[in-house]
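Notes follow the structure.
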Amino acid sequence: MGVSDPTVKPTPAVDETGEGSSRVLQTRGLTKHFGGLTATDEVDFALEEGELRCLIGPNGAGKSTFINLLTGQLEASAGSIYYDGRDITELSPHERVGRGISMKFQVPSIYEEFTVAQNLRIPLQQVVDADEYGSRTRKILERFDLLAERETTASDLSHGQQQRLEIGMAMAMEPKLMLLDEPVAGLSVEETADIAELFEEITADDGVALIVIEHDIDFVESIADRVTVLDQGSIFREGSIEEIRADSEVKRIYLGDDH
Ligand SMILES: Nc1ncnc2c1ncn2[C@@H]1O[C@H](COP(=O)(O)OP(=O)(O)OP(=O)(O)O)[C@@H](O)[C@H]1O
């Protein structure tokens, strides 16, 4: 019974994200095959409440595949995903969103022709009654520094404001875990610093755990509690940014001479 057989599920592990645990997410033996290619290879990954973890690794390391397994966009070939006290491996993407896993994609998912307030209404409709839209919208606008842009059409916002709106939309769902794919790509230095500050607030004040796929190692250094390095679908290293930066093997596979 080879471990590479995609039809074989490993022995179910004990859920370590249940009541009394500070762990929000735990994967066990999480595996994804695309035909003969193993994009995610028996990954055991754990995340604490309110933790900010950066996921780095060379192109094709399996970062996006891993995130898509967590959101349910991809179905696991083997292994389990435990989140907030239950096994969510078989849940649909929609059910996972309902349980507080939200995703911010690299490609903006705001509606450019809608106003800021109209955009916020889209996620709010899914979680609160209509009579609460006004107060909840205002709270999010204040929090994400978009109050003056309430009636602005999203296409007229700066890139940084659009990023904040998107994160605000994700936060409207009251997530416990937010997944972000290169959130500062294309942003200015000031906008990047704003986002880093927002992440700090979201994790520290709201206790939301973040997994951020990031190529910019300096940005990683400015935000991450811990870093996971993926390579060829497996966890290659895990540690503080200082440990990861000092690791010659990580340098060899990923960071290269220009970092
Ligand atoms: N839908 C798919 N069908 C077949 N192969 C896929 C699919 N999605 C990803 N792969 C392959 O799986 C491997 C991991 O890809 P993935 O996109 O997860 O890597 P990544 O670390 O996110 O890379 P990048 O940094 O370039 O975005 C790659 O070899 C890729 O070609």
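Every chain in the structure tokens takes a letter, A first, then B, and so on in the order presented; its residues are numbered from 1, and the ligands are numbered from 1 following the presented order.
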Identify all residues of stretch 162-206 of chain A in strand (DSSP E) (DSSP on the backbone) and supply them as a list in words. Leu177, Met178, Leu179, Leu180 and Asp181 of chain A
Store the residues of this selection in a file with C-alpha atoms, as a PDB file, in the first residue's frame.
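Ended up saving to selection_17.pdb:
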```pdb
ATOM      1  CA  LEU A 177      -8.511  32.398   8.648  1.00  0.00           C
ATOM      2  CA  MET A 178      -7.668  34.557   5.672  1.00  0.00           C
ATOM      3  CA  LEU A 179      -5.574  33.413   2.733  1.00  0.00           C
ATOM      4  CA  LEU A 180      -3.815  35.978   0.596  1.00  0.00           C
ATOM      5  CA  ASP A 181      -1.894  35.488  -2.618  1.00  0.00           C
TER       6      ASP A 181
END
```
Let me have all residues with an atom within 6 Å of ligand 1, counting only C-alpha atoms and all ligand atoms, laid out as a VMD selection string. chain A and resid 34 39 58 to 65
Written file, previous selection with N, CA and C atoms, as a tab-separated table (two decimals), in the first residue's frame:
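And here is the file that came out, part.tsv:
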```
chain	number	residue	atom	x	y	z
A	34	PHE	N	-1.75	15.78	-9.68
A	34	PHE	CA	-2.31	16.13	-11.00
A	34	PHE	C	-1.73	15.09	-11.94
A	39	ALA	N	1.71	17.74	-6.62
A	39	ALA	CA	1.88	19.19	-6.39
A	39	ALA	C	1.94	19.51	-4.91
A	58	PRO	N	10.10	28.38	-4.46
A	58	PRO	CA	10.30	28.67	-5.88
A	58	PRO	C	9.04	28.46	-6.71
A	59	ASN	N	9.05	28.95	-7.94
A	59	ASN	CA	7.91	28.73	-8.84
A	59	ASN	C	7.63	27.24	-8.95
A	60	GLY	N	6.34	26.89	-8.86
A	60	GLY	CA	5.96	25.49	-9.00
A	60	GLY	C	6.12	24.67	-7.74
A	61	ALA	N	6.45	25.34	-6.61
A	61	ALA	CA	6.68	24.62	-5.34
A	61	ALA	C	5.40	24.03	-4.77
A	62	GLY	N	4.25	24.57	-5.21
A	62	GLY	CA	2.97	24.05	-4.72
A	62	GLY	C	2.25	25.00	-3.78
A	63	LYS	N	2.65	26.25	-3.74
A	63	LYS	CA	2.04	27.22	-2.82
A	63	LYS	C	0.56	27.43	-3.15
A	64	SER	N	0.27	27.73	-4.43
A	64	SER	CA	-1.12	27.98	-4.81
A	64	SER	C	-1.98	26.73	-4.64
A	65	THR	N	-1.39	25.59	-4.98
A	65	THR	CA	-2.14	24.34	-4.85
A	65	THR	C	-2.53	24.12	-3.38
```
I want to know what sits within 10 Å of A:Arg143, based on only C-alpha atoms, with residues of the same chain fewer than 4 positions away left out; could you give that as a list in words?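 Those residues are Thr137, Arg138, Lys139, Leu147, Arg164, Gly168, Leu198 and Glu201 of chain A.
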Saved selection, atoms kept: N, CA and C atoms, as an mmCIF file, in the first residue's frame:
```cif
data_model
loop_
_atom_site.group_PDB
_atom_site.id
_atom_site.type_symbol
_atom_site.label_atom_id
_atom_site.label_comp_id
_atom_site.auth_asym_id
_atom_site.auth_seq_id
_atom_site.Cartn_x
_atom_site.Cartn_y
_atom_site.Cartn_z
ATOM 1 N N THR A 137 -21.406 48.401 7.471
ATOM 2 C CA THR A 137 -20.644 49.013 6.376
ATOM 3 C C THR A 137 -19.793 50.141 6.935
ATOM 4 N N ARG A 138 -20.420 50.971 7.782
ATOM 5 C CA ARG A 138 -19.696 52.114 8.348
ATOM 6 C C ARG A 138 -18.466 51.660 9.156
ATOM 7 N N LYS A 139 -18.667 50.619 9.948
ATOM 8 C CA LYS A 139 -17.568 50.099 10.764
ATOM 9 C C LYS A 139 -16.382 49.677 9.901
ATOM 10 N N LEU A 147 -13.916 55.756 4.579
ATOM 11 C CA LEU A 147 -15.186 56.447 4.843
ATOM 12 C C LEU A 147 -15.461 57.526 3.799
ATOM 13 N N ARG A 164 -7.329 47.730 0.058
ATOM 14 C CA ARG A 164 -7.960 47.829 1.375
ATOM 15 C C ARG A 164 -9.435 47.436 1.297
ATOM 16 N N GLY A 168 -11.182 44.534 3.267
ATOM 17 C CA GLY A 168 -12.396 44.863 4.029
ATOM 18 C C GLY A 168 -13.542 43.929 3.674
ATOM 19 N N LEU A 198 -2.147 47.023 8.462
ATOM 20 C CA LEU A 198 -3.479 46.403 8.521
ATOM 21 C C LEU A 198 -3.400 44.946 8.956
ATOM 22 N N GLU A 201 -2.987 44.699 12.609
ATOM 23 C CA GLU A 201 -4.248 44.934 13.334
ATOM 24 C C GLU A 201 -5.174 43.726 13.250
#
```
Give the alpha helix (DSSP H) residues of stretch 30-209 of chain A, as assigned by DSSP on the backbone, as a ChimeraX atom specification. /A:63-71,93-98,116-127,133-143,159-172,189-206
Report as a tab-separated table: every residue of stretch 13-121 of chain A with an atom at most 10 Å from stretch 234-246 of chain A, its closest pair of atoms, and their distance in Å to one decimal, counting only C-alpha atoms, with rows sorted by chain and ascending residue number.
```
residue	atom	partner	partner_atom	distance
A:Leu30	CA	A:Ser234	CA	9.7
A:Thr31	CA	A:Ser234	CA	9.3
A:Thr38	CA	A:Ser234	CA	9.5
A:Ala39	CA	A:Ser234	CA	8.5
A:Thr40	CA	A:Ser234	CA	6.3
A:Asp41	CA	A:Ser234	CA	5.3
A:Glu42	CA	A:Ser234	CA	7.0
A:Val43	CA	A:Ser234	CA	6.0
A:Asp44	CA	A:Ile235	CA	8.0
A:Phe45	CA	A:Ile235	CA	8.2
A:Arg53	CA	A:Ser240	CA	9.7
A:Cys54	CA	A:Ile241	CA	9.3
A:Leu55	CA	A:Glu238	CA	9.5
A:Ile56	CA	A:Arg237	CA	9.9
A:Gly57	CA	A:Phe236	CA	8.8
A:Ala61	CA	A:Ser234	CA	7.9
A:Gly62	CA	A:Ser234	CA	7.9
A:Lys63	CA	A:Ser234	CA	9.7
A:Phe66	CA	A:Ser234	CA	9.9
```
With only C-alpha atoms as the basis for distance, which of A:Thr192, A:Gly72, A:Lys32, A:Ile81 is at the shortest distance from A:Thr17?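 For A:Thr17, the nearest of the candidates is A:Ile81.
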Looking at only C-alpha atoms, which of A:Leu146, A:Ala170, A:Gly134, A:Tyr82 is the one that sits closest to A:Val97? A:Ala170
Which is closest to A:Val184 among A:His215, A:Arg226, A:Arg99, A:His94, if we use only C-alpha atoms? A:His215
Contacts of A:Ile88 at 12 Å or less, counting only C-alpha atoms, minus same-chain residues fewer than 2 places along, as a compact mmCIF listing (two decimals) with N, CA and C atoms, in the first residue's frame?
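The result, written out as out18.txt:
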```
# COMPACT_ATOMS: atom_id res chain seq x y z
N ASP A 15 -8.14 15.53 15.66
CA ASP A 15 -8.31 16.95 15.38
C ASP A 15 -7.63 17.77 16.48
N THR A 17 -7.51 21.11 16.40
CA THR A 17 -7.98 22.49 16.33
C THR A 17 -9.23 22.70 17.18
N LEU A 25 -5.79 25.79 12.51
CA LEU A 25 -5.70 24.94 11.30
C LEU A 25 -4.63 23.88 11.47
N GLN A 26 -4.94 22.70 10.97
CA GLN A 26 -3.95 21.61 10.98
C GLN A 26 -4.21 20.74 9.75
N THR A 27 -3.21 20.56 8.93
CA THR A 27 -3.38 19.58 7.85
C THR A 27 -2.54 18.35 8.20
N ARG A 28 -3.03 17.21 7.75
CA ARG A 28 -2.31 15.95 7.99
C ARG A 28 -2.21 15.18 6.69
N LEU A 69 -6.30 23.96 -1.87
CA LEU A 69 -6.81 22.80 -1.10
C LEU A 69 -7.51 23.30 0.17
N LEU A 70 -6.96 24.36 0.77
CA LEU A 70 -7.55 24.89 2.01
C LEU A 70 -8.91 25.53 1.74
N THR A 71 -9.01 26.24 0.59
CA THR A 71 -10.30 26.89 0.28
C THR A 71 -11.32 25.90 -0.27
N GLY A 72 -10.84 24.75 -0.74
CA GLY A 72 -11.76 23.78 -1.35
C GLY A 72 -11.89 23.96 -2.86
N GLU A 75 -9.81 19.58 -4.76
CA GLU A 75 -10.13 18.45 -3.88
C GLU A 75 -8.85 17.69 -3.55
N ALA A 76 -8.65 17.36 -2.30
CA ALA A 76 -7.43 16.64 -1.91
C ALA A 76 -7.44 15.23 -2.48
N GLY A 79 -5.27 12.75 2.57
CA GLY A 79 -4.97 13.58 3.74
C GLY A 79 -6.20 14.31 4.27
N SER A 80 -5.99 15.07 5.33
CA SER A 80 -7.10 15.74 6.02
C SER A 80 -6.77 17.19 6.34
N ILE A 81 -7.85 17.98 6.40
CA ILE A 81 -7.72 19.38 6.82
C ILE A 81 -8.63 19.58 8.03
N TYR A 82 -8.05 19.92 9.15
CA TYR A 82 -8.82 20.22 10.35
C TYR A 82 -8.79 21.73 10.56
N TYR A 83 -9.98 22.27 10.85
CA TYR A 83 -10.07 23.72 11.02
C TYR A 83 -11.11 24.02 12.08
N ASP A 84 -10.73 24.80 13.06
CA ASP A 84 -11.66 25.27 14.07
C ASP A 84 -12.54 24.16 14.65
N GLY A 85 -11.90 23.04 14.93
CA GLY A 85 -12.61 21.98 15.63
C GLY A 85 -13.37 21.00 14.77
N ARG A 86 -13.12 21.01 13.48
CA ARG A 86 -13.74 19.94 12.69
C ARG A 86 -12.95 19.61 11.43
N GLU A 90 -13.93 17.44 3.36
CA GLU A 90 -14.96 17.15 2.36
C GLU A 90 -15.91 18.33 2.12
N LEU A 91 -15.72 19.44 2.83
CA LEU A 91 -16.66 20.56 2.68
C LEU A 91 -16.45 21.30 1.37
N SER A 92 -17.52 21.88 0.84
CA SER A 92 -17.43 22.66 -0.40
C SER A 92 -16.78 24.01 -0.10
N PRO A 93 -16.29 24.70 -1.14
CA PRO A 93 -15.72 26.04 -0.92
C PRO A 93 -16.71 26.95 -0.21
N HIS A 94 -17.97 26.88 -0.61
CA HIS A 94 -19.00 27.74 -0.03
C HIS A 94 -19.17 27.47 1.47
N GLU A 95 -19.18 26.19 1.82
CA GLU A 95 -19.31 25.84 3.24
C GLU A 95 -18.10 26.31 4.05
N ARG A 96 -16.94 26.28 3.42
CA ARG A 96 -15.72 26.73 4.12
C ARG A 96 -15.77 28.24 4.35
N VAL A 97 -16.26 28.97 3.35
CA VAL A 97 -16.41 30.42 3.53
C VAL A 97 -17.35 30.69 4.69
N GLY A 98 -18.44 29.94 4.73
CA GLY A 98 -19.44 30.09 5.80
C GLY A 98 -18.85 29.82 7.18
N ARG A 99 -17.81 29.01 7.23
CA ARG A 99 -17.17 28.69 8.51
C ARG A 99 -16.01 29.62 8.82
N GLY A 100 -15.78 30.60 7.93
CA GLY A 100 -14.81 31.63 8.28
C GLY A 100 -13.45 31.50 7.62
N ILE A 101 -13.39 30.81 6.46
CA ILE A 101 -12.14 30.80 5.70
C ILE A 101 -12.34 31.71 4.50
```
So, with only C-alpha atoms as the atoms that count, which of A:Arg150, A:Val189, A:Ser109, A:Asp131 lies closest to A:Met169?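 When distances to A:Met169 are compared using only C-alpha atoms, the smallest one comes from A:Ser109.
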